[in-house]
file input.tsv (TSV, C-alpha atoms and all ligand atoms)
chain	number	residue	atom	x	y	z
A	1	MET	CA	-21.16	132.41	-96.27
A	2	ALA	CA	-24.18	130.18	-96.90
A	3	GLU	CA	-27.43	132.03	-96.39
A	4	LEU	CA	-29.68	130.65	-93.68
A	5	LYS	CA	-33.40	130.39	-94.17
A	6	VAL	CA	-35.21	132.18	-91.36
A	7	PRO	CA	-38.99	132.08	-91.13
A	8	VAL	CA	-40.54	135.49	-91.67
A	9	ARG	CA	-43.97	136.27	-90.23
A	10	GLY	CA	-46.75	135.98	-92.78
A	11	ASN	CA	-44.46	135.04	-95.60
A	12	GLY	CA	-43.09	131.59	-95.05
A	13	ASN	CA	-39.38	131.22	-95.71
A	14	LEU	CA	-37.39	133.79	-97.58
A	15	ASP	CA	-33.95	134.01	-99.02
A	16	LEU	CA	-32.45	136.68	-96.82
A	17	PRO	CA	-29.80	139.07	-98.07
A	18	SER	CA	-26.41	138.61	-96.42
A	19	THR	CA	-25.98	142.35	-95.69
A	20	ILE	CA	-28.50	145.11	-95.11
A	21	ILE	CA	-27.39	148.74	-95.06
A	22	ILE	CA	-29.33	151.19	-92.89
A	23	GLY	CA	-29.17	154.94	-93.57
A	24	THR	CA	-29.50	157.47	-90.76
A	25	ARG	CA	-29.18	161.16	-90.07
A	26	LYS	CA	-26.21	161.97	-87.89
A	27	SER	CA	-27.91	163.62	-84.93
A	28	GLN	CA	-27.66	161.76	-81.63
A	29	LEU	CA	-31.42	161.13	-81.60
A	30	ALA	CA	-31.42	159.79	-85.17
A	31	ARG	CA	-28.53	157.47	-84.36
A	32	ILE	CA	-30.18	156.15	-81.21
A	33	GLN	CA	-33.41	155.53	-83.12
A	34	THR	CA	-31.54	153.74	-85.90
A	35	ASP	CA	-29.55	151.63	-83.44
A	36	THR	CA	-32.79	150.57	-81.72
A	37	VAL	CA	-34.29	149.38	-85.00
A	38	ALA	CA	-31.03	147.72	-86.09
A	39	GLU	CA	-30.87	145.79	-82.79
A	40	MET	CA	-34.47	144.58	-83.15
A	41	LEU	CA	-33.76	143.42	-86.70
A	42	GLN	CA	-30.49	141.76	-85.69
A	43	LYS	CA	-32.39	139.73	-83.06
A	44	LEU	CA	-34.96	138.63	-85.62
A	45	TYR	CA	-32.38	137.86	-88.32
A	46	PRO	CA	-29.14	136.79	-86.61
A	47	SER	CA	-27.59	135.59	-89.88
A	48	VAL	CA	-27.84	138.98	-91.59
A	49	HIS	CA	-25.07	141.56	-91.28
A	50	PHE	CA	-26.53	145.03	-90.54
A	51	GLU	CA	-24.44	148.08	-91.36
A	52	ILE	CA	-25.29	151.70	-90.46
A	53	VAL	CA	-24.33	154.66	-92.65
A	54	GLY	CA	-24.66	158.25	-91.35
A	55	MET	CA	-25.75	161.10	-93.66
A	56	THR	CA	-26.36	164.84	-93.40
A	57	THR	CA	-29.70	166.21	-94.65
A	58	THR	CA	-30.76	169.72	-95.64
A	59	GLY	CA	-32.74	169.97	-92.40
A	60	ASP	CA	-29.55	169.38	-90.42
A	61	LYS	CA	-27.73	172.15	-92.28
A	62	ILE	CA	-30.37	174.88	-92.04
A	63	LEU	CA	-30.26	175.64	-88.35
A	64	ASP	CA	-31.27	179.28	-88.26
A	65	THR	CA	-34.75	179.09	-89.80
A	66	ALA	CA	-37.91	177.78	-88.17
A	67	LEU	CA	-38.97	174.44	-89.68
A	68	SER	CA	-42.41	175.82	-90.47
A	69	LYS	CA	-40.84	178.53	-92.65
A	70	ILE	CA	-38.75	176.27	-94.84
A	71	GLY	CA	-41.66	175.08	-96.98
A	72	GLU	CA	-39.80	172.03	-98.30
A	73	LYS	CA	-41.63	169.06	-96.80
A	74	SER	CA	-39.00	166.38	-97.14
A	75	LEU	CA	-36.30	168.38	-95.43
A	76	PHE	CA	-34.99	165.50	-93.34
A	77	THR	CA	-35.76	162.73	-95.78
A	78	LYS	CA	-34.72	163.69	-99.30
A	79	GLU	CA	-31.00	162.85	-99.15
A	80	LEU	CA	-31.81	159.56	-97.44
A	81	GLU	CA	-34.39	158.72	-100.10
A	82	ASN	CA	-31.84	159.51	-102.80
A	83	ALA	CA	-29.47	157.02	-101.17
A	84	LEU	CA	-32.30	154.44	-101.07
A	85	GLU	CA	-33.02	155.03	-104.73
A	86	ARG	CA	-29.35	154.56	-105.66
A	87	ASN	CA	-29.27	151.30	-103.62
A	88	GLU	CA	-26.59	152.79	-101.35
A	89	VAL	CA	-28.82	151.95	-98.39
A	90	ASP	CA	-31.68	149.44	-98.03
A	91	LEU	CA	-33.69	151.03	-95.27
A	92	VAL	CA	-33.94	154.32	-93.43
A	93	VAL	CA	-35.23	154.91	-89.91
A	94	HIS	CA	-37.20	158.12	-89.28
A	95	SER	CA	-39.31	159.72	-86.60
A	96	LEU	CA	-42.59	159.01	-88.36
A	97	LYS	CA	-43.78	162.54	-87.63
A	98	ASP	CA	-41.05	163.90	-89.92
A	99	LEU	CA	-42.21	161.80	-92.88
A	100	PRO	CA	-44.63	163.55	-95.25
A	101	THR	CA	-48.08	161.97	-95.58
A	102	THR	CA	-47.43	161.54	-99.29
A	103	LEU	CA	-44.11	159.84	-100.04
A	104	PRO	CA	-42.36	160.17	-103.40
A	105	PRO	CA	-43.26	157.29	-105.75
A	106	GLY	CA	-41.19	154.16	-105.24
A	107	PHE	CA	-40.94	154.41	-101.44
A	108	THR	CA	-43.04	153.04	-98.62
A	109	ILE	CA	-43.04	152.80	-94.83
A	110	ALA	CA	-42.59	149.09	-94.21
A	111	ALA	CA	-42.62	149.22	-90.42
A	112	VAL	CA	-44.09	151.42	-87.71
A	113	CYS	CA	-42.66	150.41	-84.34
A	114	LYS	CA	-44.49	150.52	-81.02
A	115	ARG	CA	-45.10	154.10	-80.09
A	116	GLU	CA	-43.43	155.82	-77.17
A	117	ASN	CA	-45.48	158.26	-75.12
A	118	PRO	CA	-46.66	160.73	-77.81
A	119	GLN	CA	-47.22	163.62	-75.39
A	120	ASP	CA	-45.35	166.92	-75.41
A	121	ALA	CA	-43.20	167.75	-72.41
A	122	VAL	CA	-42.05	170.88	-70.62
A	123	VAL	CA	-38.34	171.22	-69.88
A	124	LEU	CA	-37.61	174.06	-67.45
A	125	HIS	CA	-34.58	176.28	-67.15
A	126	PRO	CA	-32.86	174.98	-63.98
A	127	GLN	CA	-33.64	178.22	-62.14
A	128	ASN	CA	-37.37	177.56	-62.55
A	129	ALA	CA	-37.28	174.13	-60.91
A	130	GLY	CA	-40.60	173.25	-59.34
A	131	LYS	CA	-42.65	175.54	-61.57
A	132	THR	CA	-45.29	174.56	-64.17
A	133	LEU	CA	-46.57	176.44	-67.23
A	134	ASP	CA	-49.39	177.67	-64.96
A	135	THR	CA	-47.10	179.04	-62.27
A	136	LEU	CA	-44.32	180.52	-64.43
A	137	PRO	CA	-44.27	184.31	-64.04
A	138	GLU	CA	-46.06	186.66	-66.46
A	139	LYS	CA	-44.19	187.09	-69.82
A	140	SER	CA	-41.91	184.09	-69.30
A	141	VAL	CA	-40.48	183.10	-72.68
A	142	ILE	CA	-41.15	179.55	-73.85
A	143	GLY	CA	-39.04	178.10	-76.70
A	144	THR	CA	-40.71	176.16	-79.50
A	145	SER	CA	-40.82	176.54	-83.24
A	146	SER	CA	-43.81	174.25	-83.58
A	147	LEU	CA	-46.83	176.27	-84.71
A	148	ARG	CA	-48.97	173.49	-83.29
A	149	ARG	CA	-47.51	173.79	-79.79
A	150	ALA	CA	-47.45	177.59	-79.82
A	151	ALA	CA	-51.07	177.92	-81.02
A	152	GLN	CA	-52.47	175.63	-78.36
A	153	LEU	CA	-50.34	176.90	-75.50
A	154	LYS	CA	-50.83	180.61	-76.30
A	155	LYS	CA	-54.54	180.12	-75.90
A	156	ARG	CA	-54.29	177.97	-72.79
A	157	PHE	CA	-51.52	179.98	-71.03
A	158	PRO	CA	-52.04	183.60	-72.16
A	159	HIS	CA	-49.54	184.94	-69.59
A	160	LEU	CA	-46.63	183.28	-71.44
A	161	GLU	CA	-44.68	184.36	-74.53
A	162	PHE	CA	-43.49	182.02	-77.26
A	163	ARG	CA	-40.32	182.27	-79.31
A	164	ASP	CA	-38.68	180.12	-82.00
A	165	ILE	CA	-35.86	177.80	-81.01
A	166	ARG	CA	-34.10	175.57	-83.54
A	167	GLY	CA	-31.42	172.95	-83.70
A	168	ASN	CA	-31.40	169.32	-82.66
A	169	LEU	CA	-32.32	168.22	-79.14
A	170	ASN	CA	-28.77	168.65	-77.80
A	171	THR	CA	-28.53	172.19	-79.17
A	172	ARG	CA	-31.89	173.18	-77.73
A	173	LEU	CA	-31.15	171.90	-74.26
A	174	ARG	CA	-27.82	173.72	-74.35
A	175	LYS	CA	-29.55	176.95	-75.44
A	176	LEU	CA	-32.03	176.54	-72.58
A	177	ASP	CA	-29.50	175.82	-69.86
A	178	GLU	CA	-26.60	178.07	-70.86
A	179	LYS	CA	-28.43	181.26	-71.78
A	180	ASN	CA	-31.16	183.15	-70.02
A	181	GLU	CA	-33.31	183.58	-73.09
A	182	PHE	CA	-35.89	180.88	-72.34
A	183	SER	CA	-37.71	180.02	-69.12
A	184	ALA	CA	-38.67	176.64	-70.57
A	185	ILE	CA	-38.86	174.75	-73.86
A	186	ILE	CA	-41.43	172.30	-75.18
A	187	LEU	CA	-40.26	169.02	-76.70
A	188	ALA	CA	-41.68	165.61	-77.51
A	189	ALA	CA	-41.38	163.33	-74.46
A	190	ALA	CA	-40.40	160.46	-76.79
A	191	GLY	CA	-37.26	162.16	-78.09
A	192	LEU	CA	-36.17	163.15	-74.58
A	193	LYS	CA	-36.67	159.62	-73.33
A	194	ARG	CA	-34.74	158.05	-76.20
A	195	ILE	CA	-31.81	160.38	-75.70
A	196	GLY	CA	-31.73	159.66	-71.96
A	197	TRP	CA	-33.04	163.00	-70.70
A	198	GLU	CA	-36.37	161.83	-69.34
A	199	ASN	CA	-35.31	163.25	-65.97
A	200	ARG	CA	-35.47	166.77	-67.46
A	201	ILE	CA	-39.23	166.42	-68.08
A	202	SER	CA	-40.99	168.53	-65.45
A	203	GLN	CA	-44.48	168.28	-66.89
A	204	LEU	CA	-46.29	166.16	-69.50
A	205	LEU	CA	-48.95	168.06	-71.40
A	206	ASP	CA	-52.40	166.43	-71.29
A	207	PRO	CA	-54.77	166.50	-74.28
A	208	GLU	CA	-56.68	169.43	-72.72
A	209	ASP	CA	-53.47	171.49	-72.74
A	210	CYS	CA	-51.85	170.31	-75.97
A	211	LEU	CA	-52.77	167.68	-78.55
A	212	TYR	CA	-49.74	166.03	-80.13
A	213	ALA	CA	-48.43	165.98	-83.70
A	214	VAL	CA	-49.47	163.34	-86.22
A	215	SER	CA	-47.37	160.19	-85.56
A	216	GLN	CA	-45.40	161.80	-82.72
A	217	GLY	CA	-43.43	159.20	-80.76
A	218	ALA	CA	-43.50	156.49	-83.44
A	219	LEU	CA	-40.56	155.32	-85.53
A	220	GLY	CA	-41.05	154.50	-89.21
A	221	VAL	CA	-38.82	152.41	-91.46
A	222	GLU	CA	-38.76	153.57	-95.07
A	223	VAL	CA	-37.77	151.18	-97.88
A	224	ARG	CA	-37.95	150.82	-101.67
A	225	ALA	CA	-41.53	149.77	-102.45
A	226	LYS	CA	-40.32	147.18	-104.97
A	227	ASP	CA	-38.05	145.48	-102.44
A	228	GLN	CA	-40.45	142.81	-101.21
A	229	VAL	CA	-37.87	140.73	-99.36
A	230	ILE	CA	-36.75	143.70	-97.26
A	231	MET	CA	-40.37	144.79	-96.80
A	232	ASP	CA	-41.41	141.38	-95.49
A	233	MET	CA	-38.42	141.21	-93.15
A	234	VAL	CA	-38.99	144.68	-91.73
A	235	SER	CA	-42.77	144.19	-91.42
A	236	ALA	CA	-42.15	142.01	-88.36
A	237	LEU	CA	-41.50	145.29	-86.47
A	238	HIS	CA	-45.02	146.64	-87.09
A	239	ASP	CA	-46.96	147.29	-83.88
A	240	PRO	CA	-50.61	146.85	-84.99
A	241	ASP	CA	-52.14	149.44	-82.60
A	242	THR	CA	-49.49	152.03	-83.49
A	243	VAL	CA	-50.00	151.36	-87.21
A	244	LEU	CA	-53.77	151.84	-86.99
A	245	ARG	CA	-53.45	155.03	-84.94
A	246	CYS	CA	-50.81	156.47	-87.27
A	247	VAL	CA	-52.80	155.55	-90.40
A	248	ALA	CA	-55.82	157.43	-88.99
A	249	GLU	CA	-53.69	160.42	-87.95
A	250	ARG	CA	-51.81	160.60	-91.26
A	251	ALA	CA	-55.04	160.27	-93.27
A	252	PHE	CA	-56.51	163.16	-91.24
A	253	MET	CA	-53.45	165.30	-91.94
A	254	ARG	CA	-53.25	164.38	-95.61
A	255	HIS	CA	-56.92	165.10	-96.25
A	256	LEU	CA	-56.55	168.51	-94.59
A	257	GLU	CA	-53.50	169.08	-96.78
A	258	GLY	CA	-51.66	169.90	-93.58
A	259	GLY	CA	-47.94	169.55	-92.88
A	260	CYS	CA	-45.16	170.91	-90.74
A	261	SER	CA	-46.17	174.45	-91.64
A	262	VAL	CA	-49.71	174.48	-90.22
A	263	PRO	CA	-51.10	173.98	-86.72
A	264	VAL	CA	-52.76	170.55	-86.90
A	265	ALA	CA	-52.91	168.29	-83.86
A	266	VAL	CA	-54.34	164.91	-82.89
A	267	HIS	CA	-54.99	162.39	-80.16
A	268	THR	CA	-55.79	158.71	-80.72
A	269	LEU	CA	-56.75	155.80	-78.52
A	270	ILE	CA	-57.65	152.15	-79.10
A	271	LYS	CA	-59.95	150.62	-76.51
A	272	ASP	CA	-62.20	147.57	-76.83
A	273	SER	CA	-61.45	147.36	-80.57
A	274	GLN	CA	-62.60	150.95	-81.07
A	275	LEU	CA	-60.21	153.47	-82.58
A	276	TYR	CA	-60.88	157.03	-81.35
A	277	LEU	CA	-59.42	159.98	-83.24
A	278	THR	CA	-59.50	163.55	-81.96
A	279	GLY	CA	-58.22	166.08	-84.47
A	280	ALA	CA	-57.92	169.84	-84.40
A	281	VAL	CA	-56.80	172.81	-86.47
A	282	TYR	CA	-55.85	176.19	-85.00
A	283	SER	CA	-55.20	179.74	-86.01
A	284	LEU	CA	-51.62	180.82	-85.17
A	285	ASP	CA	-52.63	182.42	-81.87
A	286	GLY	CA	-54.98	179.57	-81.01
A	287	SER	CA	-58.03	181.85	-80.85
A	288	ASP	CA	-59.75	179.98	-83.69
A	289	CYS	CA	-59.97	176.24	-83.13
A	290	LEU	CA	-61.95	173.45	-84.73
A	291	LYS	CA	-61.79	170.19	-82.84
A	292	ASP	CA	-63.82	167.01	-82.95
A	293	THR	CA	-63.65	163.31	-82.14
A	294	MET	CA	-64.84	160.33	-84.17
A	295	GLN	CA	-64.48	156.60	-83.70
A	296	THR	CA	-64.57	153.39	-85.72
A	297	SER	CA	-64.35	149.68	-85.08
A	298	VAL	CA	-61.01	148.03	-85.83
A	299	ALA	CA	-62.23	144.69	-84.50
A	300	SER	CA	-61.18	142.86	-87.64
A	301	ILE	CA	-57.62	143.13	-86.43
A	302	LEU	CA	-58.31	139.89	-84.55
A	303	GLN	CA	-59.27	137.97	-87.70
A	304	GLU	CA	-56.11	136.78	-89.38
A	305	ASP	CA	-58.06	135.69	-92.48
A	306	SER	CA	-58.67	139.23	-93.69
A	307	ILE	CA	-54.95	139.80	-94.20
A	308	THR	CA	-54.39	140.59	-97.85
A	309	ALA	CA	-51.72	139.12	-100.05
A	310	ASP	CA	-51.01	142.43	-101.75
A	311	TYR	CA	-48.67	145.25	-100.89
A	312	VAL	CA	-51.37	147.89	-100.45
A	313	GLN	CA	-50.32	151.26	-99.04
A	314	HIS	CA	-52.36	153.26	-96.55
A	315	VAL	CA	-51.10	156.84	-96.34
A	316	GLY	CA	-47.67	155.56	-97.33
A	317	ILE	CA	-47.64	152.63	-94.90
A	318	THR	CA	-47.49	149.02	-96.15
A	319	ALA	CA	-48.68	146.58	-93.49
A	320	LYS	CA	-49.37	143.30	-95.17
A	321	ASN	CA	-49.43	141.51	-91.82
A	322	ILE	CA	-52.31	143.63	-90.46
A	323	PRO	CA	-55.91	143.00	-91.62
A	324	ASP	CA	-56.70	145.29	-94.50
A	325	SER	CA	-60.25	145.91	-93.25
A	326	ALA	CA	-58.83	147.49	-90.07
A	327	LEU	CA	-56.39	149.63	-92.08
A	328	VAL	CA	-59.19	150.74	-94.41
A	329	ALA	CA	-61.37	151.66	-91.40
A	330	ALA	CA	-58.53	153.63	-89.79
A	331	GLU	CA	-57.79	155.54	-92.99
A	332	LYS	CA	-61.48	156.29	-93.52
A	333	LEU	CA	-61.73	157.59	-89.94
A	334	GLY	CA	-58.99	160.13	-90.65
A	335	VAL	CA	-60.61	161.25	-93.90
A	336	ASP	CA	-64.08	161.46	-92.32
A	337	LEU	CA	-62.85	163.59	-89.42
A	338	ALA	CA	-60.95	165.87	-91.82
A	339	ASN	CA	-64.13	166.27	-93.89
A	340	LEU	CA	-66.12	167.12	-90.78
A	341	LEU	CA	-63.66	169.91	-89.89
A	342	LEU	CA	-63.45	171.06	-93.52
A	343	CYS	CA	-67.25	171.52	-93.49
A	344	GLN	CA	-66.84	173.74	-90.42
A	345	GLY	CA	-64.19	175.95	-92.09
A	346	ALA	CA	-60.87	174.21	-91.43
A	347	LYS	CA	-59.53	175.14	-94.85
A	348	GLU	CA	-59.96	178.88	-94.17
A	349	ILE	CA	-58.25	178.63	-90.77
A	350	LEU	CA	-55.28	176.76	-92.25
A	351	THR	CA	-55.00	179.06	-95.27
A	352	VAL	CA	-54.85	182.14	-93.05
A	353	ALA	CA	-52.36	180.44	-90.69
A	354	ARG	CA	-50.14	179.52	-93.65
A	355	GLN	CA	-50.25	183.05	-95.09
A	356	LEU	CA	-49.50	184.74	-91.75
A	357	ASN	CA	-46.65	182.36	-91.04
A	358	ASP	CA	-45.13	182.92	-94.50
A	359	ALA	CA	-45.36	186.69	-93.97
A	360	LYS	CA	-43.68	186.62	-90.51
B	401	LIG	C1	-42.11	168.12	-86.60
B	401	LIG	C2	-42.35	169.12	-85.64
B	401	LIG	C3	-41.22	169.12	-84.80
B	401	LIG	C4	-40.31	168.12	-85.29
B	401	LIG	C5	-43.57	169.99	-85.56
B	401	LIG	C6	-44.50	169.67	-84.37
B	401	LIG	C7	-40.98	170.03	-83.64
B	401	LIG	C8	-40.33	171.32	-84.07
B	401	LIG	C9	-40.04	172.25	-82.94
B	401	LIG	C10	-42.98	167.73	-87.72
B	401	LIG	N1	-40.88	167.55	-86.40
B	401	LIG	O1	-44.27	168.79	-83.55
B	401	LIG	O2	-45.52	170.38	-84.23
B	401	LIG	O3	-40.36	171.99	-81.77
B	401	LIG	O4	-39.44	173.29	-83.22
B	401	LIG	C11	-38.97	166.25	-84.18
B	401	LIG	C12	-38.72	165.78	-82.86
B	401	LIG	C13	-38.88	164.39	-82.87
B	401	LIG	C14	-39.18	164.03	-84.18
B	401	LIG	C15	-38.36	166.62	-81.70
B	401	LIG	C16	-39.54	167.19	-80.93
B	401	LIG	C17	-38.69	163.36	-81.74
B	401	LIG	C18	-39.96	162.77	-81.21
B	401	LIG	C19	-40.72	161.80	-82.08
B	401	LIG	C20	-38.96	167.69	-84.73
B	401	LIG	N2	-39.19	165.18	-84.94
B	401	LIG	O5	-40.67	167.31	-81.45
B	401	LIG	O6	-39.33	167.55	-79.75
B	401	LIG	O7	-40.22	160.72	-82.47
B	401	LIG	O8	-41.88	162.09	-82.35

call {"tool": "encode", "arguments": {"input": "input.tsv", "output": "structure tokens"}}
result
Amino acid sequence: MAELKVPVRGNGNLDLPSTIIIGTRKSQLARIQTDTVAEMLQKLYPSVHFEIVGMTTTGDKILDTALSKIGEKSLFTKELENALERNEVDLVVHSLKDLPTTLPPGFTIAAVCKRENPQDAVVLHPQNAGKTLDTLPEKSVIGTSSLRRAAQLKKRFPHLEFRDIRGNLNTRLRKLDEKNEFSAIILAAAGLKRIGWENRISQLLDPEDCLYAVSQGALGVEVRAKDQVIMDMVSALHDPDTVLRCVAERAFMRHLEGGCSVPVAVHTLIKDSQLYLTGAVYSLDGSDCLKDTMQTSVASILQEDSITADYVQHVGITAKNIPDSALVAAEKLGVDLANLLLCQGAKEILTVARQLNDAK
């Protein structure tokens, strides 16, 4: 079949590949996320044939251990990256919050799609319908294996108890509904919405109750960093505001040397060309907390002329079609806020949290 020339944003005309293979994990959420991205790409590039290949990752196999205890950072990404490296797939769709802030050499995030609501949500056991975290009885057990959620909520709702729950979204909801172990579980609203269970959300947690995880609610598309044609094609999916927020959040996390295994949380907002970043670190029980907010101008996002020609990465993200000055400002904001908290003792809080969690 003759290849059509389709204009690609910021890059003139390109010779498009005839087939693009997309790798995905096999969970229902991963598949839905991958299908969403594949559909957006198919609309942009009707002449290209998109094929989806499902794969199992280590993270899908280890179902009995809390994520924070597994140490290995690229639990859900390694097998998919191996397939990318071997050219078995050309792109991989992830929840951006599961992607480490430092990617292995040779890979980059070529698209960050418009973010869903990044807030955490409460899903109640059916017998608790109508209740909130405030009104649940003393010693009600809440399921989460996120140290970040547990730390913040223990402090804010001292009458509740927190217990690990693992497995993909389907498994967790089944564990909640079919057993009487948990009164409620905490999950990302974005995942619930994507999987069609938005109606199970009884409460969205505001920033005062629970700051969210770095990049929560955003999808990232990982590619081979040398594959400029694919990168340029996929870059059309970048949502500029989401990119800037996630660059700031990821830079904050990376500079703190945080990860899945420490309680680090954020909140970001873009208003009148100002990017606001709130970041916090917690002890495991939430009693120690360092939290601050900083802001920077990302006004240059409106000036097309500052777009660079190079494939520069910012915390693993390549966004050639977004002004580099705005990306630099967002990254610096994350680093500056991390430094501010480090000066106040963030490193000590995180070190202790890590040690206590490892010893559990
Ligand atoms: C990471 C965490 C969790 C996931 C840690 C955190 C939650 C683990 C748990 C890094 N990845 O949030 O503090 O609750 O035991 C994950 C989910 C999504 C992506 C599910 C969820 C979907 C939402 C999204 C698991 N990764 O958090 O409810 O796209 O952000």

call {"tool": "closest_residue", "arguments": {"input": "input.tsv", "among": "A:Val247, A:Met294, A:Leu205, A:Met55", "to": "Ser27 (chain A)", "atoms": "only C-alpha atoms"}}
result
A:Met55

call {"tool": "closest_residue", "arguments": {"input": "input.tsv", "among": "A:Glu348, A:Glu88, A:Asp272, A:Asp120", "to": "ligand LIG 401 (chain B)", "atoms": "all atoms listed in the file"}}
result
A:Asp120

call {"tool": "atom_distance", "arguments": {"input": "input.tsv", "atom1": "CA of His94 (chain A)", "atom2": "CA of Ile165 (chain A)"}}
result
21.4 Å

call {"tool": "closest_residue", "arguments": {"input": "input.tsv", "among": "A:Glu79, A:Glu138, A:Asp35, A:Asp90", "to": "Val223 (chain A)", "atoms": "all atoms listed in the file"}}
result
A:Asp90

call {"tool": "residues_near_ligand", "arguments": {"input": "input.tsv", "ligand": "ligand LIG 401 (chain B)", "cutoff": "9 Å", "atoms": "all atoms listed in the file", "output": "ChimeraX atom specification"}}
result
/A:29-30,33,66-68,94-100,115-121,143-150,164-169,185-192,194,212-219,259-265

call {"tool": "atom_distance", "arguments": {"input": "input.tsv", "atom1": "CA of Gln28 (chain A)", "atom2": "CA of Thr56 (chain A)"}}
result
12.2 Å

call {"tool": "closest_residue", "arguments": {"input": "input.tsv", "among": "A:Val122, A:Leu256, A:Ala359, A:Ala248", "to": "Asp209 (chain A)", "atoms": "all atoms listed in the file"}}
result
A:Val122

call {"tool": "atom_distance", "arguments": {"input": "input.tsv", "atom1": "CA of Thr278 (chain A)", "atom2": "CA of Lys155 (chain A)"}}
result
18.3 Å

call {"tool": "closest_atom_pairs", "arguments": {"input": "input.tsv", "of": "region 145-261 of chain A", "to": "region 101-108 of chain A", "cutoff": "10 Å", "atoms": "only C-alpha atoms", "output": "Markdown table"}}
result
| residue | atom | partner | partner_atom | distance |
| --- | --- | --- | --- | --- |
| A:Val214 | CA | A:Thr101 | CA | 9.6 |
| A:Gly220 | CA | A:Thr108 | CA | 9.7 |
| A:Val221 | CA | A:Thr108 | CA | 8.3 |
| A:Glu222 | CA | A:Thr108 | CA | 5.6 |
| A:Val223 | CA | A:Thr108 | CA | 5.6 |
| A:Arg224 | CA | A:Phe107 | CA | 4.7 |
| A:Ala225 | CA | A:Phe107 | CA | 4.8 |
| A:Lys226 | CA | A:Gly106 | CA | 7.0 |
| A:Asp227 | CA | A:Phe107 | CA | 9.4 |
| A:Met231 | CA | A:Thr108 | CA | 8.9 |
| A:Val247 | CA | A:Thr101 | CA | 9.5 |
| A:Glu249 | CA | A:Thr101 | CA | 9.6 |
| A:Arg250 | CA | A:Thr101 | CA | 5.9 |
| A:Ala251 | CA | A:Thr101 | CA | 7.5 |
| A:Phe252 | CA | A:Thr101 | CA | 9.6 |
| A:Met253 | CA | A:Thr101 | CA | 7.3 |
| A:Arg254 | CA | A:Thr101 | CA | 5.7 |
| A:His255 | CA | A:Thr101 | CA | 9.4 |
| A:Glu257 | CA | A:Thr101 | CA | 9.0 |
| A:Gly258 | CA | A:Thr101 | CA | 8.9 |
| A:Gly259 | CA | A:Thr101 | CA | 8.0 |

call {"tool": "closest_residue", "arguments": {"input": "input.tsv", "among": "A:Leu342, A:Ile195, A:Ala299, A:Leu327", "to": "Asn170 (chain A)", "atoms": "all atoms listed in the file"}}
result
A:Ile195
